[in-house]
Amino acid sequence: MSAFVLIPRNVCIAILVAYRTVVSPLYGDVCRYYPSCSSYTLQAIQQHGAVRGIWMGARRIIRCHPWAAGGVDDIPSPRRTMTTTRLGFVSGAA
Amino acid sequence: MPDIVGLLMWPIKWVLEAILAGAHWVLESLGMDPFSGLVWVLSIASLTLVVRTAMIPLTVRQIHSSRKALEVAPEIKKIQDKYRGKKDQFSREAMQRETMEAYRKAGTNPFASCLPLLIQMPIFFGLVTVLTEANRGNAGVGFMVTSLADQFRAASLFDLVPLNMTMQHGFEQGNVPVIITAVLMTLIMCATQFYTQLQIMSKNQTPQMKESPMYKQQRILLYIIPVFLLISAWAFPLATMFYWLVSNLFTLVQQLIIINRLPNPGSDAALAREARLARKRQRMGLEPEETDAPAEESAPVIVNTQRQQPKRKTTKSQREGGGK
């Protein structure tokens with residue numbers, strides 16, 4: 001896969017990784033789902049790309065409220081799985 | 001894009017203006033000078049109180065939810081025993097998965113979701129825009145009419161500290177009272193934030209919570225929060241800082257009440273509460289019959305810890321059975 005196609009999602013991933021290391025720990029574990037909303041969005045962007053990933057993440061955040069049952073809620077399985085580096089950046093299709 | 005944001009913010013701004021103008025009107029009716037800074041500070045304080053009081057049901061719901069989570073405790077304990085000593089990423093993930101599924105099946109969840117936090121952001125952002133508009137002498141979207149906006153623009157606390165100034169303005173114009181007020185408010189905010197966090201972390205968390213890597217990160221960041229506060233004090237007008245300050249104090253008092261009355265089951269605060277109740281019963285005299293209910297409450301906890309052993313034995317025998 002061309003590296004250019006992966007630029008938007010990797011930019012989003014960089015922002016999310018920064019958020020998850022700096023801002024998330026400020027208020028601790030609060031998510032009613034597993035994986036947490038930010039982790040879900042990160043995986044969604046990695047596997048489905050920036051546009052669909054952000055859309056899925058936004059819907060998940062709306063789903064996560066004090067009246068939700070919570071539980072395990074994984075991302076929809078992608079058509080093809082992407083390989084990620086140790087930091088979470090997408091390097092290409094598996 | 002700004003139009004969409006503006007459209008979304010409109011109802012929030014309308015409500016904020018209604019509460020601000022309402023509080024201002026009440027204080028004016030009570031005989032206070034509508035042009036004084038104190039009236040505006042009190043109006044903003046009442047706005048904070050209204051907003052935070054409206055959010056109390058969310059907090060209470062969460063406390064009851066974590067109380068109910070105690071019923072699932074034996075099952076959670078079982079899952080934790082299963083993964084005891086396994087620190088690798090996959091085991092941790094599997095453990096969290098099973099824990100969350102157990103909570104969902106029991107119809108309870110000890111986590112608050114980020115909604116209580118998210119909800120406050122548009123409110124604060126709305127307040128900043130409402131006050132900025134008023135500062136320019138413009139009418140707001142609803143009750144914040146031009147005359148009120150002018151009053152706000154001229155408002156100065158004790159005729160010394162103009163409320164529309166930021167710490168930055170204070171330094172630029174060499175306004176010592178503004179600098180002193182801004183610094184003092186930042187210090188109080190840092191102190192309350194720090195104290196609240198420390199109370200939650202040292203007293204209201206269970207040993208399992210303290211084992212998580214998140215907890216250690218939280219401890220480090222506790223010392224970074226004051227820096228963020230200082231930056232916001234630099235950029236936001238004093239009037240908006242008062243909102244934040246009162247909100248912080250509200251959180252602090254609320255948290256102290258929670259720690260005292262409804263501590264997280266299994267935390268140090270819960271143990272302290274049990275000890276406190278036990279001492280109180282002793283002081284009340286020798287009335288063993290009245291202590292029935294609390295004794296029943298503490299008894300299942302002991303039974304739960306004892307039950308671990310038979311459970312371990314069964315898993316072992318299952319393993320032996322599987323081996324044969």
# chains A, B, ... in the order shown; residues from 1 in each chain; ligands from 1
>>> interface_residues(of="chain B", to="chain A", cutoff="6 Å", atoms="only C-alpha atoms", output="list in words")
Met100, Glu101, Arg104, Phe111, Ala112, Ser113, Leu115 and Gln218 of chain B
>>> residues_around(residues="Ile7 in chain A", least_positions_apart="3", cutoff="10 Å", atoms="only C-alpha atoms", output="mmCIF file with all heavy atoms, in the first residue's frame")
data_model
loop_
_atom_site.group_PDB
_atom_site.id
_atom_site.type_symbol
_atom_site.label_atom_id
_atom_site.label_comp_id
_atom_site.auth_asym_id
_atom_site.auth_seq_id
_atom_site.Cartn_x
_atom_site.Cartn_y
_atom_site.Cartn_z
ATOM 1 N N SER A 2 0.490 2.228 -0.758
ATOM 2 C CA SER A 2 1.281 3.453 -0.843
ATOM 3 C C SER A 2 1.342 4.148 0.517
ATOM 4 O O SER A 2 0.362 4.202 1.251
ATOM 5 C CB SER A 2 0.645 4.387 -1.876
ATOM 6 O OG SER A 2 0.988 5.713 -1.597
ATOM 7 N N ALA A 3 2.512 4.678 0.844
ATOM 8 C CA ALA A 3 2.715 5.328 2.146
ATOM 9 C C ALA A 3 1.851 6.576 2.270
ATOM 10 O O ALA A 3 1.450 6.949 3.370
ATOM 11 C CB ALA A 3 4.179 5.677 2.333
ATOM 12 N N PHE A 4 1.522 7.209 1.118
ATOM 13 C CA PHE A 4 0.713 8.442 1.152
ATOM 14 C C PHE A 4 -0.679 8.183 1.718
ATOM 15 O O PHE A 4 -1.228 9.009 2.441
ATOM 16 C CB PHE A 4 0.601 9.036 -0.258
ATOM 17 C CG PHE A 4 1.858 9.700 -0.715
ATOM 18 C CD1 PHE A 4 2.639 9.130 -1.706
ATOM 19 C CD2 PHE A 4 2.278 10.907 -0.132
ATOM 20 C CE1 PHE A 4 3.810 9.737 -2.112
ATOM 21 C CE2 PHE A 4 3.454 11.506 -0.545
ATOM 22 C CZ PHE A 4 4.230 10.924 -1.542
ATOM 23 N N ASN A 10 -1.994 8.047 10.205
ATOM 24 C CA ASN A 10 -0.855 8.098 11.120
ATOM 25 C C ASN A 10 -0.781 9.438 11.870
ATOM 26 O O ASN A 10 -0.323 9.484 13.001
ATOM 27 C CB ASN A 10 0.451 7.812 10.378
ATOM 28 C CG ASN A 10 0.688 6.315 10.247
ATOM 29 O OD1 ASN A 10 0.264 5.544 11.110
ATOM 30 N ND2 ASN A 10 1.334 5.910 9.169
ATOM 31 N N VAL A 11 -1.252 10.511 11.216
ATOM 32 C CA VAL A 11 -1.324 11.811 11.920
ATOM 33 C C VAL A 11 -2.325 11.704 13.080
ATOM 34 O O VAL A 11 -2.045 12.093 14.214
ATOM 35 C CB VAL A 11 -1.733 12.934 10.936
ATOM 36 C CG1 VAL A 11 -2.057 14.221 11.686
ATOM 37 C CG2 VAL A 11 -0.621 13.189 9.926
ATOM 38 N N CYS A 12 -3.498 11.116 12.777
ATOM 39 C CA CYS A 12 -4.516 10.928 13.823
ATOM 40 C C CYS A 12 -3.970 10.048 14.943
ATOM 41 O O CYS A 12 -4.215 10.311 16.130
ATOM 42 C CB CYS A 12 -5.776 10.286 13.248
ATOM 43 S SG CYS A 12 -6.616 11.302 12.044
ATOM 44 N N ILE A 13 -3.244 9.001 14.562
ATOM 45 C CA ILE A 13 -2.695 8.081 15.559
ATOM 46 C C ILE A 13 -1.717 8.817 16.475
ATOM 47 O O ILE A 13 -1.738 8.639 17.692
ATOM 48 C CB ILE A 13 -2.012 6.875 14.863
ATOM 49 C CG1 ILE A 13 -3.085 5.960 14.249
ATOM 50 C CG2 ILE A 13 -1.158 6.087 15.845
ATOM 51 C CD1 ILE A 13 -2.545 4.946 13.262
ATOM 52 N N GLY A 49 -8.863 3.336 8.880
ATOM 53 C CA GLY A 49 -8.494 4.615 8.284
ATOM 54 C C GLY A 49 -9.053 5.787 9.062
ATOM 55 O O GLY A 49 -9.901 5.611 9.949
ATOM 56 N N ALA A 50 -8.575 7.002 8.725
ATOM 57 C CA ALA A 50 -8.895 8.191 9.517
ATOM 58 C C ALA A 50 -10.392 8.500 9.522
ATOM 59 O O ALA A 50 -10.990 8.683 10.576
ATOM 60 C CB ALA A 50 -8.111 9.386 8.992
ATOM 61 N N PHE A 89 1.807 3.080 15.091
ATOM 62 C CA PHE A 89 1.668 3.597 13.733
ATOM 63 C C PHE A 89 1.463 2.468 12.746
ATOM 64 O O PHE A 89 1.981 1.366 12.927
ATOM 65 C CB PHE A 89 2.909 4.414 13.347
ATOM 66 C CG PHE A 89 3.013 5.696 14.130
ATOM 67 C CD1 PHE A 89 3.935 5.807 15.161
ATOM 68 C CD2 PHE A 89 2.168 6.754 13.872
ATOM 69 C CE1 PHE A 89 4.009 6.975 15.905
ATOM 70 C CE2 PHE A 89 2.246 7.913 14.597
ATOM 71 C CZ PHE A 89 3.162 8.027 15.615
ATOM 72 N N VAL A 90 0.697 2.763 11.686
ATOM 73 C CA VAL A 90 0.415 1.737 10.678
ATOM 74 C C VAL A 90 1.511 1.747 9.623
ATOM 75 O O VAL A 90 1.867 2.801 9.092
ATOM 76 C CB VAL A 90 -0.960 2.008 10.035
ATOM 77 C CG1 VAL A 90 -1.203 1.061 8.879
ATOM 78 C CG2 VAL A 90 -2.066 1.888 11.058
#
>>> closest_residue(among="B:Leu271, B:Val183, B:Val246, B:Val130", to="Ser232 in chain B", atoms="only C-alpha atoms")
B:Val183
>>> atom_distance(atom1="CA of Thr196 in chain B", atom2="CA of Leu256 in chain B")
8.1 Å
>>> residues_around(residues="Thr251 in chain B", least_positions_apart="6", cutoff="10 Å", atoms="only C-alpha atoms", output="ChimeraX atom specification")
/B:52,192-193,196,245,257
>>> closest_residue(among="A:Arg60, A:Arg9, A:Arg20, A:Arg52", to="Ser91 in chain A", atoms="only C-alpha atoms")
A:Arg9
>>> residues_around(residues="Gln47 in chain A", least_positions_apart="4", cutoff="10 Å", atoms="only C-alpha atoms", output="JSON list (two decimals) with N, CA and C atoms, in the first residue's frame")
[["chain", "number", "residue", "atom", "x", "y", "z"],
["A", 9, "ARG", "N", -4.12, 8.70, 8.59],
["A", 9, "ARG", "CA", -4.38, 7.90, 9.78],
["A", 9, "ARG", "C", -3.22, 7.96, 10.75],
["A", 41, "THR", "N", -10.96, 3.92, 19.48],
["A", 41, "THR", "CA", -10.77, 4.85, 18.37],
["A", 41, "THR", "C", -9.42, 4.63, 17.71],
["A", 42, "LEU", "N", -8.39, 4.41, 18.54],
["A", 42, "LEU", "CA", -7.04, 4.17, 18.01],
["A", 42, "LEU", "C", -7.05, 2.94, 17.10],
["A", 43, "GLN", "N", -7.64, 1.86, 17.60],
["A", 43, "GLN", "CA", -7.69, 0.63, 16.79],
["A", 43, "GLN", "C", -8.51, 0.85, 15.52],
["A", 52, "ARG", "N", -13.31, 6.74, 8.58],
["A", 52, "ARG", "CA", -14.21, 5.76, 9.21],
["A", 52, "ARG", "C", -13.85, 5.57, 10.68],
["A", 53, "GLY", "N", -12.56, 5.63, 10.99],
["A", 53, "GLY", "CA", -12.12, 5.45, 12.37],
["A", 53, "GLY", "C", -12.65, 6.53, 13.29],
["A", 75, "ILE", "N", -13.86, -3.29, 17.89],
["A", 75, "ILE", "CA", -14.13, -2.63, 16.61],
["A", 75, "ILE", "C", -14.62, -3.66, 15.60],
["A", 76, "PRO", "N", -15.43, -3.21, 14.61],
["A", 76, "PRO", "CA", -15.83, -4.14, 13.56],
["A", 76, "PRO", "C", -14.59, -4.67, 12.83],
["A", 77, "SER", "N", -14.59, -5.95, 12.51],
["A", 77, "SER", "CA", -13.37, -6.51, 11.91],
["A", 77, "SER", "C", -13.17, -5.93, 10.51],
["A", 78, "PRO", "N", -11.94, -5.48, 10.23],
["A", 78, "PRO", "CA", -11.66, -4.84, 8.95],
["A", 78, "PRO", "C", -11.56, -5.86, 7.81],
["A", 79, "ARG", "N", -11.67, -5.35, 6.59],
["A", 79, "ARG", "CA", -11.57, -6.25, 5.44],
["A", 79, "ARG", "C", -10.16, -6.84, 5.34],
["A", 80, "ARG", "N", -9.15, -5.93, 5.55],
["A", 80, "ARG", "CA", -7.82, -6.51, 5.69],
["A", 80, "ARG", "C", -7.12, -5.87, 6.87],
["A", 81, "THR", "N", -6.43, -6.73, 7.59],
["A", 81, "THR", "CA", -5.79, -6.29, 8.81],
["A", 81, "THR", "C", -4.51, -5.53, 8.49],
["A", 82, "MET", "N", -4.30, -4.41, 9.19],
["A", 82, "MET", "CA", -3.10, -3.61, 8.99],
["A", 82, "MET", "C", -2.07, -3.97, 10.05],
["A", 83, "THR", "N", -0.80, -3.90, 9.67],
["A", 83, "THR", "CA", 0.25, -4.15, 10.67],
["A", 83, "THR", "C", 0.63, -2.82, 11.32],
["A", 84, "THR", "N", 0.89, -2.90, 12.61],
["A", 84, "THR", "CA", 1.25, -1.68, 13.33],
["A", 84, "THR", "C", 2.63, -1.84, 13.95],
["A", 90, "VAL", "N", 0.70, 2.76, 11.69],
["A", 90, "VAL", "CA", 0.41, 1.74, 10.68],
["A", 90, "VAL", "C", 1.51, 1.75, 9.62],
["A", 93, "ALA", "N", -0.42, -3.05, 4.96],
["A", 93, "ALA", "CA", -1.39, -4.15, 5.10],
["A", 93, "ALA", "C", -0.65, -5.43, 5.45]]
>>> select_by_dssp(residues="range 2-91 of chain A", states="strand (DSSP E)", output="VMD selection string")
chain A and resid 33 to 34 71 to 72 82 to 84 90 to 91
>>> select_by_dssp(residues="chain A", states="helix (DSSP H, G or I)", output="PyMOL selection string")
chain A and resi 3-22+24-27+37-48+50-63
>>> write_last_selection(atoms="C-alpha atoms", output="PDB file, in the first residue's frame")
ATOM      1  CA  ALA A   3       2.715   5.328   2.146  1.00  0.00           C
ATOM      2  CA  PHE A   4       0.713   8.442   1.152  1.00  0.00           C
ATOM      3  CA  VAL A   5      -2.584   6.681   1.837  1.00  0.00           C
ATOM      4  CA  LEU A   6      -1.405   6.020   5.380  1.00  0.00           C
ATOM      5  CA  ILE A   7      -0.481   9.645   6.205  1.00  0.00           C
ATOM      6  CA  PRO A   8      -3.911  10.850   7.458  1.00  0.00           C
ATOM      7  CA  ARG A   9      -4.385   7.901   9.780  1.00  0.00           C
ATOM      8  CA  ASN A  10      -0.855   8.098  11.120  1.00  0.00           C
ATOM      9  CA  VAL A  11      -1.324  11.811  11.920  1.00  0.00           C
ATOM     10  CA  CYS A  12      -4.516  10.928  13.823  1.00  0.00           C
ATOM     11  CA  ILE A  13      -2.695   8.081  15.559  1.00  0.00           C
ATOM     12  CA  ALA A  14       0.084  10.448  16.696  1.00  0.00           C
ATOM     13  CA  ILE A  15      -2.498  12.796  18.257  1.00  0.00           C
ATOM     14  CA  LEU A  16      -4.326   9.896  19.951  1.00  0.00           C
ATOM     15  CA  VAL A  17      -1.114   8.347  21.290  1.00  0.00           C
ATOM     16  CA  ALA A  18      -0.117  11.728  22.761  1.00  0.00           C
ATOM     17  CA  TYR A  19      -3.579  12.088  24.297  1.00  0.00           C
ATOM     18  CA  ARG A  20      -3.420   8.590  25.768  1.00  0.00           C
ATOM     19  CA  THR A  21      -0.069   9.196  27.439  1.00  0.00           C
ATOM     20  CA  VAL A  22      -0.642  12.758  28.693  1.00  0.00           C
ATOM     21  CA  SER A  24      -5.990  10.048  29.782  1.00  0.00           C
ATOM     22  CA  PRO A  25      -4.093   9.261  33.011  1.00  0.00           C
ATOM     23  CA  LEU A  26      -5.322  12.550  34.508  1.00  0.00           C
ATOM     24  CA  TYR A  27      -8.732  11.116  35.259  1.00  0.00           C
ATOM     25  CA  CYS A  37     -13.032   4.759  24.036  1.00  0.00           C
ATOM     26  CA  SER A  38      -9.592   6.129  23.143  1.00  0.00           C
ATOM     27  CA  SER A  39      -8.183   2.643  22.632  1.00  0.00           C
ATOM     28  CA  TYR A  40     -11.211   1.723  20.494  1.00  0.00           C
ATOM     29  CA  THR A  41     -10.773   4.847  18.371  1.00  0.00           C
ATOM     30  CA  LEU A  42      -7.044   4.171  18.007  1.00  0.00           C
ATOM     31  CA  GLN A  43      -7.694   0.635  16.789  1.00  0.00           C
ATOM     32  CA  ALA A  44     -10.511   1.820  14.509  1.00  0.00           C
ATOM     33  CA  ILE A  45      -8.263   4.432  12.892  1.00  0.00           C
ATOM     34  CA  GLN A  46      -5.431   1.921  12.543  1.00  0.00           C
ATOM     35  CA  GLN A  47      -7.614  -0.686  10.872  1.00  0.00           C
ATOM     36  CA  HIS A  48     -10.294   1.342   9.072  1.00  0.00           C
ATOM     37  CA  ALA A  50      -8.895   8.191   9.517  1.00  0.00           C
ATOM     38  CA  VAL A  51     -12.411   8.984   8.257  1.00  0.00           C
ATOM     39  CA  ARG A  52     -14.207   5.758   9.214  1.00  0.00           C
ATOM     40  CA  GLY A  53     -12.116   5.453  12.374  1.00  0.00           C
ATOM     41  CA  ILE A  54     -13.074   8.907  13.648  1.00  0.00           C
ATOM     42  CA  TRP A  55     -16.720   8.205  12.808  1.00  0.00           C
ATOM     43  CA  MET A  56     -16.625   4.893  14.731  1.00  0.00           C
ATOM     44  CA  GLY A  57     -14.834   6.539  17.658  1.00  0.00           C
ATOM     45  CA  ALA A  58     -17.361   9.380  17.828  1.00  0.00           C
ATOM     46  CA  ARG A  59     -20.249   6.898  17.860  1.00  0.00           C
ATOM     47  CA  ARG A  60     -18.528   4.940  20.601  1.00  0.00           C
ATOM     48  CA  ILE A  61     -18.070   8.042  22.792  1.00  0.00           C
ATOM     49  CA  ILE A  62     -21.787   8.776  22.371  1.00  0.00           C
ATOM     50  CA  ARG A  63     -22.534   5.143  23.317  1.00  0.00           C
TER      51      ARG A  63
END
>>> atom_distance(atom1="CA of Leu229 in chain B", atom2="CA of Asn260 in chain B")
27.7 Å
>>> atom_distance(atom1="CA of His24 in chain B", atom2="CA of Asn135 in chain B")
16.1 Å
